[in-house]
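First the structure, in the form of structure tokens, and then the observations on it.
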Amino acid sequence: MNDALVCDVCPHACALKNGQCGFCGARANNGGKIVCINYGYTTSIALDPIEKKPLNRYKSGSLVLSIGSFGCNFRCPFCQNHSISMSRPRSVDDKTIYRTACFTTKEELALKAESLRAAGNIGIAYTYNEPLAGYEFVYDTAAYIKARDMDNVIVTNGCINSAYFEKLLPFTGAVNIDLKTYNAAYYQTLAGLPAKNAASALALVKNNITLAAARCHVELTCLVIPGENDSPEEMDAMSTWIASVSPTIPLHITRFFPRYHYADRQPTPLDTLRKLEKIARSRLRFVYLGNV
């Protein structure tokens with residue numbers, strides 16, 4: 001029982017001893033088995049416009065029941081949902097975080113989603129924190145929701161090992177993936193991964209975007225951080241690559257506002273966003289500015 005087990009859901013590949021939580025704070029070795037300890041625990045729930053995910057070209061005008069839990073396998077210093085994404089128990093026995101979470105079964109969520117159909121709800125969106133840190137709950141719930149002829153929407157950083165991601169896609173109607181940067185080294189920093197093999201996080205996210213584009217509706221979001229990922233050259237490279245997958249993949253270029261560890265920084269200048277938008281529009285058919 002003292003032997004470490006490796007969690008293979010994401011590239012962190014955490015080696016966990018019994019009772020130990022992984023980097024994401026949502027997965028642990030519990031009794032000699034890797035499990036998601038946030039299974040069924042909801043910290044946020046709201047009926048949102050689909051455009052808020054953001055998905056501008058998927059069932060526009062509809063609503064989606066949006067749920068979030070706790071934990072994330074990234075360490076973005078600008079995270080707007082850090083109160084839940086960065087919350088994590090110290091061990092399997094640390095129950096502190098559950099005081100702010102509500103346990104909900106997939107059956108209860110399905111009943112809630114179905115009860116809101118008359119209001120325009122199309123299904124469930126897994127969002128707010130990094131939902132795929134709690135992969136098993138998302139997978140089980142998505143299969144259950146799909147069987148009831150409702151939609152599943154996944155809002156994710158896309159940094160999950162592709163075998164797991166691909167298994168989820170048959171149940172997925174739409175996905176929004178954060179393509180955070182086109183700089184491989186900066187991606188490693190955001191993911192909290194070692195600088196060596198610097199292409200790993202970016203390459204994995206790109207591969208998952210390509211897989212998703214072949215199976216469901218995909219939109220991408222890039223939050224533009226001044227001085228980090230705001231160069232014209234980076235946007236040119238990013239939009240060129242997206243177009244090579246499909247020029248019809250919508251890209252949301254989103255304005256940064258001071259948050260979390262970047263609370264002392266200035267918002268993204270609107271002029272910067274417009275310049276990047278112009279570059280992206282030369283490659284892509286659908287480009288949207290967000291948070292403006």
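Each chain in the structure tokens gets a letter, A, B and so on, in the order shown; residues start at 1 in every chain, and ligands are counted from 1 in the order they appear.
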query = Out of region 146-215 of chain A, which residues get strand (DSSP E) from DSSP, as an MDAnalysis selection string?
reply = chainID A and resid 151:156 174:178
Output C-alpha atoms for every residue in the selection just made, as a short mmCIF file (atom, residue, chain, number, x, y, z; two decimals), in the first residue's frame.
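Output below, filename out.cif:
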```
data_model
loop_
_atom_site.label_atom_id
_atom_site.label_comp_id
_atom_site.auth_asym_id
_atom_site.auth_seq_id
_atom_site.Cartn_x
_atom_site.Cartn_y
_atom_site.Cartn_z
CA ASP A 151 -25.61 18.05 -25.17
CA ASN A 152 -22.26 18.00 -23.42
CA VAL A 153 -20.00 21.05 -23.65
CA ILE A 154 -16.44 20.92 -22.33
CA VAL A 155 -14.42 24.04 -21.52
CA THR A 156 -10.86 22.90 -20.95
CA ALA A 174 -18.83 21.12 -28.45
CA VAL A 175 -15.55 22.00 -26.82
CA ASN A 176 -13.78 25.26 -26.13
CA ILE A 177 -10.05 24.80 -25.63
CA ASP A 178 -7.76 27.46 -24.20
#
```
query = Leaving out Lys52 (chain A) and any residue of its chain fewer than 5 positions from it, which residues lie within 10 Å of it when counting only C-alpha atoms, given as a VMD selection string?
reply = chain A and resid 63 to 64 290
Could you dump the residues just selected with C-alpha atoms as a PDB file, in the first residue's frame?
```pdb
ATOM      1  CA  LEU A  63     -28.523  28.166 -22.568  1.00  0.00           C
ATOM      2  CA  VAL A  64     -26.436  25.465 -20.927  1.00  0.00           C
ATOM      3  CA  GLY A 290     -13.767  38.944 -25.808  1.00  0.00           C
TER       4      GLY A 290
END
```
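For Thr105 (chain A), the residues within 7 Å (counting only C-alpha atoms, excluding itself and residues fewer than 3 positions away along the chain) are A:Gly40, A:Glu108, A:Leu109.
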query = Contacts of region 251-266 of chain A at 10 Å or less, counting only C-alpha atoms, minus same-chain residues fewer than 5 places along, as a ChimeraX atom specification?
reply = /A:54-56,76-83,176-179,218-226,235,239,242,272-274,276-277,280-281,284-292
message = Could you list, as a list in words, every residue within 7 Å of region 127-140 of chain A, counting only C-alpha atoms and ignoring same-chain residues fewer than 4 positions away?
response = Cys24, Ala26, Arg27, Cys36, Asn38, Tyr39, Gly40, Ser66, Ile67, Gly68, Ser69, Phe70, Gly71, Cys72, Asn73, Asn81, Ile84, Ser85, Tyr144, Ile154, Val155, Thr156, Asn157 and Leu168 of chain A
Please return, as a short mmCIF file (atom, residue, chain, number, x, y, z; two decimals) with C-alpha atoms, in the first residue's frame, all residues of region 17-166 of chain A that DSSP assigns to helix (DSSP H, G or I) on the basis of the backbone.
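In the end it all went to part-v3.cif:
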```cif
data_model
loop_
_atom_site.label_atom_id
_atom_site.label_comp_id
_atom_site.auth_asym_id
_atom_site.auth_seq_id
_atom_site.Cartn_x
_atom_site.Cartn_y
_atom_site.Cartn_z
CA ILE A 50 -23.82 29.29 -24.61
CA GLU A 51 -21.91 32.36 -25.81
CA LYS A 52 -20.39 32.72 -22.33
CA HIS A 82 -8.55 30.67 -8.83
CA SER A 83 -10.75 30.37 -5.74
CA ILE A 84 -11.92 26.95 -6.99
CA SER A 85 -9.31 25.93 -9.55
CA THR A 96 -11.80 21.06 4.33
CA ILE A 97 -12.56 21.84 0.70
CA TYR A 98 -15.75 19.79 0.69
CA ARG A 99 -17.38 22.29 3.03
CA THR A 100 -17.83 24.64 0.06
CA LYS A 106 -25.07 12.36 -12.57
CA GLU A 107 -28.73 11.36 -12.26
CA GLU A 108 -29.52 14.49 -10.26
CA LEU A 109 -27.69 16.67 -12.78
CA ALA A 110 -29.60 15.06 -15.63
CA LEU A 111 -32.91 15.73 -13.92
CA LYS A 112 -31.89 19.35 -13.34
CA ALA A 113 -30.82 19.76 -16.96
CA GLU A 114 -34.03 18.20 -18.25
CA SER A 115 -36.15 20.42 -16.01
CA ARG A 117 -35.15 22.42 -21.26
CA ALA A 118 -38.23 24.62 -21.50
CA ALA A 119 -36.06 27.59 -20.53
CA PRO A 131 -13.07 19.85 -15.55
CA LEU A 132 -10.89 17.06 -16.94
CA ALA A 133 -8.92 16.88 -13.70
CA GLY A 134 -12.09 15.09 -12.56
CA TYR A 135 -12.11 12.99 -15.71
CA GLU A 136 -14.13 10.03 -14.43
CA PHE A 137 -17.05 12.17 -13.31
CA VAL A 138 -17.10 14.12 -16.58
CA TYR A 139 -16.95 10.90 -18.58
CA ASP A 140 -19.69 9.14 -16.60
CA THR A 141 -21.97 12.18 -16.60
CA ALA A 142 -21.37 12.97 -20.27
CA ALA A 143 -22.30 9.42 -21.30
CA TYR A 144 -25.44 9.62 -19.14
CA ILE A 145 -26.44 13.04 -20.53
CA LYS A 146 -25.80 11.98 -24.13
CA ALA A 147 -28.03 8.92 -23.68
CA SER A 162 -4.95 12.19 -25.81
CA ALA A 163 -6.17 8.63 -25.22
CA TYR A 164 -8.43 9.92 -22.44
CA PHE A 165 -9.57 12.94 -24.43
CA GLU A 166 -10.40 10.87 -27.49
#
```
key: 6 Å contact set for Arg75 (chain A), only C-alpha atoms, chain neighbours under 3 positions out, as a ChimeraX atom specification   = /A:190-192
ask   = If you count only C-alpha atoms, which residues fall within 12 Å of Cys21 (chain A), apart from same-chain ones fewer than 3 positions away, as number ranges by chain?
value = A: 4-7, 14-18, 24-30, 33-38, 71, 73, 88-94, 133
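CA of Ile160 (chain A) is found 4.5 Å from CA of Cys10 (chain A).
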ask   = In Å, with one decimal, what is the gap from CA of Ser282 (chain A) to CA of Val205 (chain A)?
value = 23.0 Å
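Closest to Thr248 (chain A) among A:Arg57, A:Gly32, A:Ser200, A:Met150 is A:Arg57, based on only C-alpha atoms.
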